[in-house]
Amino acid sequence: MSEQSTAEDAREGYAEALPEYAERVLEVAERVPPGRVMTYGDVAEWLEEGGPRQVGRVMSLYGGAVPWWRVVRADGVLLPGHELRALDHYRAEGTPLKEAGRNAEGHLPRLDMRRARWDGGADAEGHT
């Protein structure tokens, strides 16, 4: 069974219990193409509702059933506690990264937000 089908099965299992806003946030997360990211604020702006904190809360509660690593902090810092899992996904998808300098905590790279950020264009089918 693929990771994608597992995520879809998990999401279907609790979709009826999801608040409407959470469902909309997760739908946007699913639209982000591999190798690209949106910030929490980008998602809120796309939805024209809520803000970065509300999107972050949804992702922390329900994001495991979608490509959570594609919804990120605006500064490009990897999600604390999930850095290595996210980094595996970014490398597999070819997401642009900035290698960490010697002084960087944990020597982990950051996302190259200038190159990785997706505005919802090209593949987007309109706002949800």
# chains A, B, ... in the order shown; residues from 1 in each chain; ligands from 1
$ residues_around --residues "A:Pro52" --least-positions-apart "2" --cutoff "10 Å" --atoms "only C-alpha atoms" --output "list of chain:residue names"
A:Thr39, A:Tyr40, A:Gly41, A:Asp42, A:Val43, A:Ala44, A:Glu45, A:Glu49, A:Gly50, A:Gln54, A:Val55, A:Gly56, A:Arg57, A:Val58, A:Val72, A:Arg73, A:Ala74
$ write_last_selection --atoms "N, CA and C atoms" --output "JSON list (two decimals), in the first residue's frame"
[["chain", "number", "residue", "atom", "x", "y", "z"],
["A", 39, "THR", "N", 3.23, 28.73, 2.80],
["A", 39, "THR", "CA", 3.32, 29.05, 4.22],
["A", 39, "THR", "C", 1.93, 28.95, 4.85],
["A", 40, "TYR", "N", 1.91, 28.91, 6.17],
["A", 40, "TYR", "CA", 0.64, 28.91, 6.88],
["A", 40, "TYR", "C", -0.17, 30.14, 6.47],
["A", 41, "GLY", "N", 0.49, 31.27, 6.38],
["A", 41, "GLY", "CA", -0.19, 32.50, 5.97],
["A", 41, "GLY", "C", -0.68, 32.45, 4.54],
["A", 42, "ASP", "N", 0.09, 31.82, 3.65],
["A", 42, "ASP", "CA", -0.35, 31.66, 2.26],
["A", 42, "ASP", "C", -1.66, 30.88, 2.18],
["A", 43, "VAL", "N", -1.74, 29.82, 2.98],
["A", 43, "VAL", "CA", -2.96, 28.99, 2.98],
["A", 43, "VAL", "C", -4.14, 29.82, 3.46],
["A", 44, "ALA", "N", -3.96, 30.58, 4.55],
["A", 44, "ALA", "CA", -5.04, 31.42, 5.06],
["A", 44, "ALA", "C", -5.46, 32.46, 4.03],
["A", 45, "GLU", "N", -4.49, 33.05, 3.36],
["A", 45, "GLU", "CA", -4.79, 34.03, 2.32],
["A", 45, "GLU", "C", -5.54, 33.37, 1.16],
["A", 49, "GLU", "N", -9.67, 33.33, 4.75],
["A", 49, "GLU", "CA", -10.25, 33.12, 6.07],
["A", 49, "GLU", "C", -9.15, 32.67, 7.03],
["A", 50, "GLY", "N", -9.26, 33.11, 8.27],
["A", 50, "GLY", "CA", -8.30, 32.71, 9.29],
["A", 50, "GLY", "C", -6.96, 33.37, 9.10],
["A", 54, "GLN", "N", -4.27, 29.81, 12.85],
["A", 54, "GLN", "CA", -5.39, 28.89, 12.66],
["A", 54, "GLN", "C", -5.00, 27.75, 11.72],
["A", 55, "VAL", "N", -4.28, 28.09, 10.65],
["A", 55, "VAL", "CA", -3.82, 27.06, 9.71],
["A", 55, "VAL", "C", -2.84, 26.12, 10.42],
["A", 56, "GLY", "N", -1.93, 26.68, 11.19],
["A", 56, "GLY", "CA", -0.98, 25.85, 11.94],
["A", 56, "GLY", "C", -1.67, 24.91, 12.91],
["A", 57, "ARG", "N", -2.72, 25.39, 13.54],
["A", 57, "ARG", "CA", -3.47, 24.55, 14.48],
["A", 57, "ARG", "C", -4.14, 23.39, 13.74],
["A", 58, "VAL", "N", -4.75, 23.69, 12.60],
["A", 58, "VAL", "CA", -5.37, 22.63, 11.80],
["A", 58, "VAL", "C", -4.33, 21.60, 11.39],
["A", 72, "VAL", "N", 4.38, 25.25, 5.52],
["A", 72, "VAL", "CA", 5.58, 25.53, 6.31],
["A", 72, "VAL", "C", 5.58, 26.93, 6.93],
["A", 73, "ARG", "N", 6.57, 27.15, 7.78],
["A", 73, "ARG", "CA", 6.82, 28.47, 8.35],
["A", 73, "ARG", "C", 7.36, 29.40, 7.27],
["A", 74, "ALA", "N", 7.07, 30.67, 7.39],
["A", 74, "ALA", "CA", 7.49, 31.64, 6.38],
["A", 74, "ALA", "C", 9.00, 31.83, 6.34]]
$ closest_residue --among "A:Leu78, A:Leu84, A:Val66, A:Ala22" --to "A:Lys98" --atoms "only C-alpha atoms"
A:Leu78
$ closest_atom_pairs --of "stretch 58-98 of chain A" --to "stretch 116-120 of chain A" --cutoff "10 Å" --atoms "only C-alpha atoms" --output "tab-separated table"
residue	atom	partner	partner_atom	distance
A:Arg70	CA	A:Arg117	CA	9.3
A:Val71	CA	A:Arg117	CA	9.7
A:Val72	CA	A:Arg117	CA	9.6
A:Ala74	CA	A:Arg117	CA	9.3
A:Gly76	CA	A:Ala116	CA	9.4
A:Gly94	CA	A:Ala116	CA	9.5
A:Thr95	CA	A:Ala116	CA	6.2
A:Pro96	CA	A:Ala116	CA	5.5
A:Leu97	CA	A:Ala116	CA	8.0
$ select_by_dssp --residues "stretch 28-128 of chain A" --states "helix (DSSP H, G or I)" --output "ChimeraX atom specification"
/A:28-31,40-47,52-65,68-70,83-93,105-107,113-116
$ residues_around --residues "stretch 85-87 of chain A" --least-positions-apart "6" --cutoff "9 Å" --atoms "only C-alpha atoms" --output "list in words"
Trp68, Trp69, Arg70, Leu78, Leu79, Leu108 and Pro109 of chain A
$ write_last_selection --atoms "C-alpha atoms" --output "PDB file, in the first residue's frame"
ATOM      1  CA  TRP A  68       2.018  18.212   5.834  1.00  0.00           C
ATOM      2  CA  TRP A  69       5.631  18.985   4.928  1.00  0.00           C
ATOM      3  CA  ARG A  70       4.402  21.238   2.105  1.00  0.00           C
ATOM      4  CA  LEU A  78      11.914  22.982   9.212  1.00  0.00           C
ATOM      5  CA  LEU A  79       9.077  21.981  11.539  1.00  0.00           C
ATOM      6  CA  LEU A 108      19.879  21.463   9.255  1.00  0.00           C
ATOM      7  CA  PRO A 109      19.107  23.142   5.954  1.00  0.00           C
TER       8      PRO A 109
END
$ decode --residues "stretch 35-57 of chain A" --atoms "N, CA and C atoms" --output "JSON list (two decimals), in the first residue's frame"
[["chain", "number", "residue", "atom", "x", "y", "z"],
["A", 35, "GLY", "N", 7.63, 19.18, -4.34],
["A", 35, "GLY", "CA", 8.77, 20.07, -4.57],
["A", 35, "GLY", "C", 8.46, 21.53, -4.32],
["A", 36, "ARG", "N", 7.25, 21.85, -3.92],
["A", 36, "ARG", "CA", 6.84, 23.23, -3.66],
["A", 36, "ARG", "C", 6.23, 23.30, -2.27],
["A", 37, "VAL", "N", 6.12, 24.51, -1.72],
["A", 37, "VAL", "CA", 5.54, 24.72, -0.39],
["A", 37, "VAL", "C", 4.67, 25.97, -0.38],
["A", 38, "MET", "N", 3.79, 26.02, 0.60],
["A", 38, "MET", "CA", 3.02, 27.22, 0.92],
["A", 38, "MET", "C", 3.21, 27.47, 2.41],
["A", 39, "THR", "N", 3.23, 28.73, 2.80],
["A", 39, "THR", "CA", 3.32, 29.05, 4.22],
["A", 39, "THR", "C", 1.93, 28.95, 4.85],
["A", 40, "TYR", "N", 1.91, 28.91, 6.17],
["A", 40, "TYR", "CA", 0.64, 28.91, 6.88],
["A", 40, "TYR", "C", -0.17, 30.14, 6.47],
["A", 41, "GLY", "N", 0.49, 31.27, 6.38],
["A", 41, "GLY", "CA", -0.19, 32.50, 5.97],
["A", 41, "GLY", "C", -0.68, 32.45, 4.54],
["A", 42, "ASP", "N", 0.09, 31.82, 3.65],
["A", 42, "ASP", "CA", -0.35, 31.66, 2.26],
["A", 42, "ASP", "C", -1.66, 30.88, 2.18],
["A", 43, "VAL", "N", -1.74, 29.82, 2.98],
["A", 43, "VAL", "CA", -2.96, 28.99, 2.98],
["A", 43, "VAL", "C", -4.14, 29.82, 3.46],
["A", 44, "ALA", "N", -3.96, 30.58, 4.55],
["A", 44, "ALA", "CA", -5.04, 31.42, 5.06],
["A", 44, "ALA", "C", -5.46, 32.46, 4.03],
["A", 45, "GLU", "N", -4.49, 33.05, 3.36],
["A", 45, "GLU", "CA", -4.79, 34.03, 2.32],
["A", 45, "GLU", "C", -5.54, 33.37, 1.16],
["A", 46, "TRP", "N", -5.11, 32.19, 0.76],
["A", 46, "TRP", "CA", -5.77, 31.44, -0.32],
["A", 46, "TRP", "C", -7.24, 31.20, 0.02],
["A", 47, "LEU", "N", -7.48, 30.83, 1.28],
["A", 47, "LEU", "CA", -8.84, 30.54, 1.73],
["A", 47, "LEU", "C", -9.66, 31.80, 2.01],
["A", 48, "GLU", "N", -8.95, 32.93, 2.13],
["A", 48, "GLU", "CA", -9.57, 34.20, 2.50],
["A", 48, "GLU", "C", -10.30, 34.08, 3.84],
["A", 49, "GLU", "N", -9.67, 33.33, 4.75],
["A", 49, "GLU", "CA", -10.25, 33.12, 6.07],
["A", 49, "GLU", "C", -9.15, 32.67, 7.03],
["A", 50, "GLY", "N", -9.26, 33.11, 8.27],
["A", 50, "GLY", "CA", -8.30, 32.71, 9.29],
["A", 50, "GLY", "C", -6.96, 33.37, 9.10],
["A", 51, "GLY", "N", -5.98, 32.83, 9.77],
["A", 51, "GLY", "CA", -4.62, 33.35, 9.68],
["A", 51, "GLY", "C", -3.63, 32.23, 9.87],
["A", 52, "PRO", "N", -2.34, 32.57, 9.92],
["A", 52, "PRO", "CA", -1.31, 31.54, 10.05],
["A", 52, "PRO", "C", -1.49, 30.65, 11.27],
["A", 53, "ARG", "N", -1.88, 31.21, 12.38],
["A", 53, "ARG", "CA", -2.04, 30.39, 13.60],
["A", 53, "ARG", "C", -3.17, 29.38, 13.46],
["A", 54, "GLN", "N", -4.27, 29.81, 12.85],
["A", 54, "GLN", "CA", -5.39, 28.89, 12.66],
["A", 54, "GLN", "C", -5.00, 27.75, 11.72],
["A", 55, "VAL", "N", -4.28, 28.09, 10.65],
["A", 55, "VAL", "CA", -3.82, 27.06, 9.71],
["A", 55, "VAL", "C", -2.84, 26.12, 10.42],
["A", 56, "GLY", "N", -1.93, 26.68, 11.19],
["A", 56, "GLY", "CA", -0.98, 25.85, 11.94],
["A", 56, "GLY", "C", -1.67, 24.91, 12.91],
["A", 57, "ARG", "N", -2.72, 25.39, 13.54],
["A", 57, "ARG", "CA", -3.47, 24.55, 14.48],
["A", 57, "ARG", "C", -4.14, 23.39, 13.74]]
